[in-house]
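Comments concern the structure below.
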Amino acid sequence: VLRRKDRVVAGTKAILLYPMNALANDELLRPRNLFRDSNTGVSFALYTGDSETVAPALGEPLIGHELTRREEIRRNPPDILLTNYKQLEFLLIRKADRTLFTPGLRFVVLDEIHSYRGALATELACLLRRLKARCGLQKGELRAIGTSATVSQDAGGDEALARFATDLFDEAFDPLDIIGELY
């Protein structure tokens, strides 16, 4: 994100996707702590159905980095956007939110990847493909990251996880891309 910002690449560069508002809200404190006193100029925003009231309730917004109002987010898309997959659906179809999605997007982090199975995984895979299409990204231009504290190494191990991630993100994953639990 810093490199793209240095090159003056416009638009949101990274999207952090959560399965529910509660997780997105909890994670808002991380960029606040990360960018506090950083002088990086990196901007971020929590954008959920109730983020305009929730973000300020979670503590003092980080002035100079954090965007809290929808109009502000639309006018000046943040470098990093925290949201949930249902809200991303709305953002992709609303004309007012189109400014968020440019070829500048390079990272999607999907938290709690283990929670996406069956029909929900299929819906999310379609959502990620629509996101890439909206941004005008070709295969290989998006760095996809899935996180989970509870993904099992069973049922095929890293090979199965790599196949699942490849299908979900429509980006190539190799078993060597899988980072398991570190002891």
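Following the order of the structure tokens, chains are lettered A, B, ..., residues in each are numbered from 1, and ligands are numbered from 1.
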
Exercise. Could you pull out the alpha helix (DSSP H) residues of chain A from DSSP and send them as an NGL selection string?
Worked result: :A and (2-6 or 21-27 or 29-35 or 51-57 or 70-75 or 85-93 or 118-135 or 157-169)

Name all residues at most 9 Å from Leu88 in chain A (count only C-alpha atoms; drop same-chain ones fewer than 6 positions away) and give them as a PDB file with N, CA and C atoms, in the first residue's frame.
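Written file, out10.pdb:
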ATOM      1  N   LEU A  17     -11.871  -7.811   4.225  1.00  0.00           N
ATOM      2  CA  LEU A  17     -13.247  -8.318   4.262  1.00  0.00           C
ATOM      3  C   LEU A  17     -13.461  -9.229   5.454  1.00  0.00           C
ATOM      4  N   TYR A  47     -16.344   0.784   6.666  1.00  0.00           N
ATOM      5  CA  TYR A  47     -17.555   1.096   5.903  1.00  0.00           C
ATOM      6  C   TYR A  47     -18.486  -0.107   6.000  1.00  0.00           C
ATOM      7  N   THR A  48     -19.419  -0.026   6.942  1.00  0.00           N
ATOM      8  CA  THR A  48     -20.460  -1.036   7.096  1.00  0.00           C
ATOM      9  C   THR A  48     -21.787  -0.301   7.161  1.00  0.00           C
ATOM     10  N   LEU A 127     -18.692 -12.740  -5.840  1.00  0.00           N
ATOM     11  CA  LEU A 127     -18.491 -11.362  -5.378  1.00  0.00           C
ATOM     12  C   LEU A 127     -17.063 -10.898  -5.670  1.00  0.00           C
ATOM     13  N   LEU A 131     -15.866  -7.856  -8.034  1.00  0.00           N
ATOM     14  CA  LEU A 131     -14.966  -6.816  -7.539  1.00  0.00           C
ATOM     15  C   LEU A 131     -13.809  -6.601  -8.513  1.00  0.00           C
TER      16      LEU A 131
END

For this session: Would you please extract all strand (DSSP E) residues from range 1-173 of chain A, as assigned by DSSP on the backbone, and give them as a PyMOL selection string?
Result: chain A and resi 14-18+44-46+66-67+80-84+107-110+143-146

Problem set entry | Top pick for closest residue to Ile73 in chain A, considering A:Val9, A:Val54, A:Leu46, A:Ile93 and counting only C-alpha atoms | A:Leu46

For this session: Please provide the set of residues having any atom within 10 Å of Leu168 in chain A, restricted to only C-alpha atoms, with same-chain residues fewer than 4 positions apart removed, written as a ChimeraX atom specification.
Result: /A:113,116-117,121-129,144,146,162-164

For this session: Can you work out the spacing between CA of Gly41 in chain A and CA of Lys13 in chain A in Å, to one decimal?
Result: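 Computing it gives 13.4 Å between the two atoms.
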
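Here the question is which of A:Leu120, A:Leu176, A:Leu16, A:Leu29 gets nearest to Leu81 in chain A using only C-alpha atoms, and that residue is A:Leu16.
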
Exercise. Which residues, written as a list in words, have at least one atom at most 7 Å from Leu105 in chain A, with only C-alpha atoms counted and residues fewer than 4 positions away on the same chain left out?
Worked result: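 My list of contacting residues is Thr12, Lys13, Ala14 and Cys135 of chain A.
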
Which polymer residues have any atom within 10 Å of an atom of Gly140 in chain A, counting only C-alpha atoms, with same-chain residues fewer than 6 positions away left out, as a PDB file with all heavy atoms, in the first residue's frame?
ATOM      1  N   ARG A 106      -5.099  -3.638  -5.175  1.00  0.00           N
ATOM      2  CA  ARG A 106      -4.132  -4.719  -5.336  1.00  0.00           C
ATOM      3  C   ARG A 106      -4.234  -5.807  -4.275  1.00  0.00           C
ATOM      4  O   ARG A 106      -3.676  -6.878  -4.439  1.00  0.00           O
ATOM      5  CB  ARG A 106      -2.699  -4.172  -5.317  1.00  0.00           C
ATOM      6  CG  ARG A 106      -2.257  -3.581  -6.617  1.00  0.00           C
ATOM      7  CD  ARG A 106      -2.302  -4.623  -7.752  1.00  0.00           C
ATOM      8  NE  ARG A 106      -1.975  -4.052  -9.029  1.00  0.00           N
ATOM      9  CZ  ARG A 106      -2.835  -3.520  -9.877  1.00  0.00           C
ATOM     10  NH1 ARG A 106      -4.111  -3.462  -9.576  1.00  0.00           N
ATOM     11  NH2 ARG A 106      -2.455  -3.042 -11.037  1.00  0.00           N
ATOM     12  N   ASP A 170     -10.094 -17.007  -7.448  1.00  0.00           N
ATOM     13  CA  ASP A 170      -9.790 -17.029  -8.875  1.00  0.00           C
ATOM     14  C   ASP A 170      -8.395 -16.462  -9.132  1.00  0.00           C
ATOM     15  O   ASP A 170      -8.150 -15.730 -10.085  1.00  0.00           O
ATOM     16  CB  ASP A 170     -10.838 -16.270  -9.693  1.00  0.00           C
ATOM     17  CG  ASP A 170     -10.749 -16.575 -11.179  1.00  0.00           C
ATOM     18  OD1 ASP A 170     -10.368 -17.705 -11.531  1.00  0.00           O
ATOM     19  OD2 ASP A 170     -11.036 -15.667 -11.994  1.00  0.00           O
ATOM     20  N   GLU A 171      -7.491 -16.800  -8.241  1.00  0.00           N
ATOM     21  CA  GLU A 171      -6.080 -16.448  -8.336  1.00  0.00           C
ATOM     22  C   GLU A 171      -5.293 -17.701  -7.994  1.00  0.00           C
ATOM     23  O   GLU A 171      -5.724 -18.508  -7.179  1.00  0.00           O
ATOM     24  CB  GLU A 171      -5.707 -15.322  -7.359  1.00  0.00           C
ATOM     25  CG  GLU A 171      -6.385 -13.987  -7.631  1.00  0.00           C
ATOM     26  CD  GLU A 171      -5.895 -13.304  -8.904  1.00  0.00           C
ATOM     27  OE1 GLU A 171      -4.803 -13.642  -9.407  1.00  0.00           O
ATOM     28  OE2 GLU A 171      -6.621 -12.429  -9.406  1.00  0.00           O
ATOM     29  N   ALA A 172      -4.140 -17.862  -8.602  1.00  0.00           N
ATOM     30  CA  ALA A 172      -3.343 -19.069  -8.411  1.00  0.00           C
ATOM     31  C   ALA A 172      -2.721 -19.123  -7.013  1.00  0.00           C
ATOM     32  O   ALA A 172      -2.081 -18.167  -6.579  1.00  0.00           O
ATOM     33  CB  ALA A 172      -2.250 -19.141  -9.464  1.00  0.00           C
TER      34      ALA A 172
END

Exercise. Hey, what's within 12 Å of Leu82 in chain A if we count only C-alpha atoms and toss same-chain stuff fewer than 5 positions away? As an NGL selection string, please?
Worked result: :A and (12-31 or 43-49 or 51 or 55 or 66-68 or 73 or 77 or 87-88 or 107-111)

Exercise. Which residues, written as a VMD selection string, have at least one atom at most 9 Å from Arg36 in chain A, with only C-alpha atoms counted and residues fewer than 4 positions away on the same chain left out?
Worked result: chain A and resid 31 to 32 62 to 63 65

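The shortest atom-to-atom distance to Asn76 in chain A, with only C-alpha atoms taken into account, belongs to A:Ala10 out of A:Gly64, A:Ala10, A:Ala96, A:Ser148.
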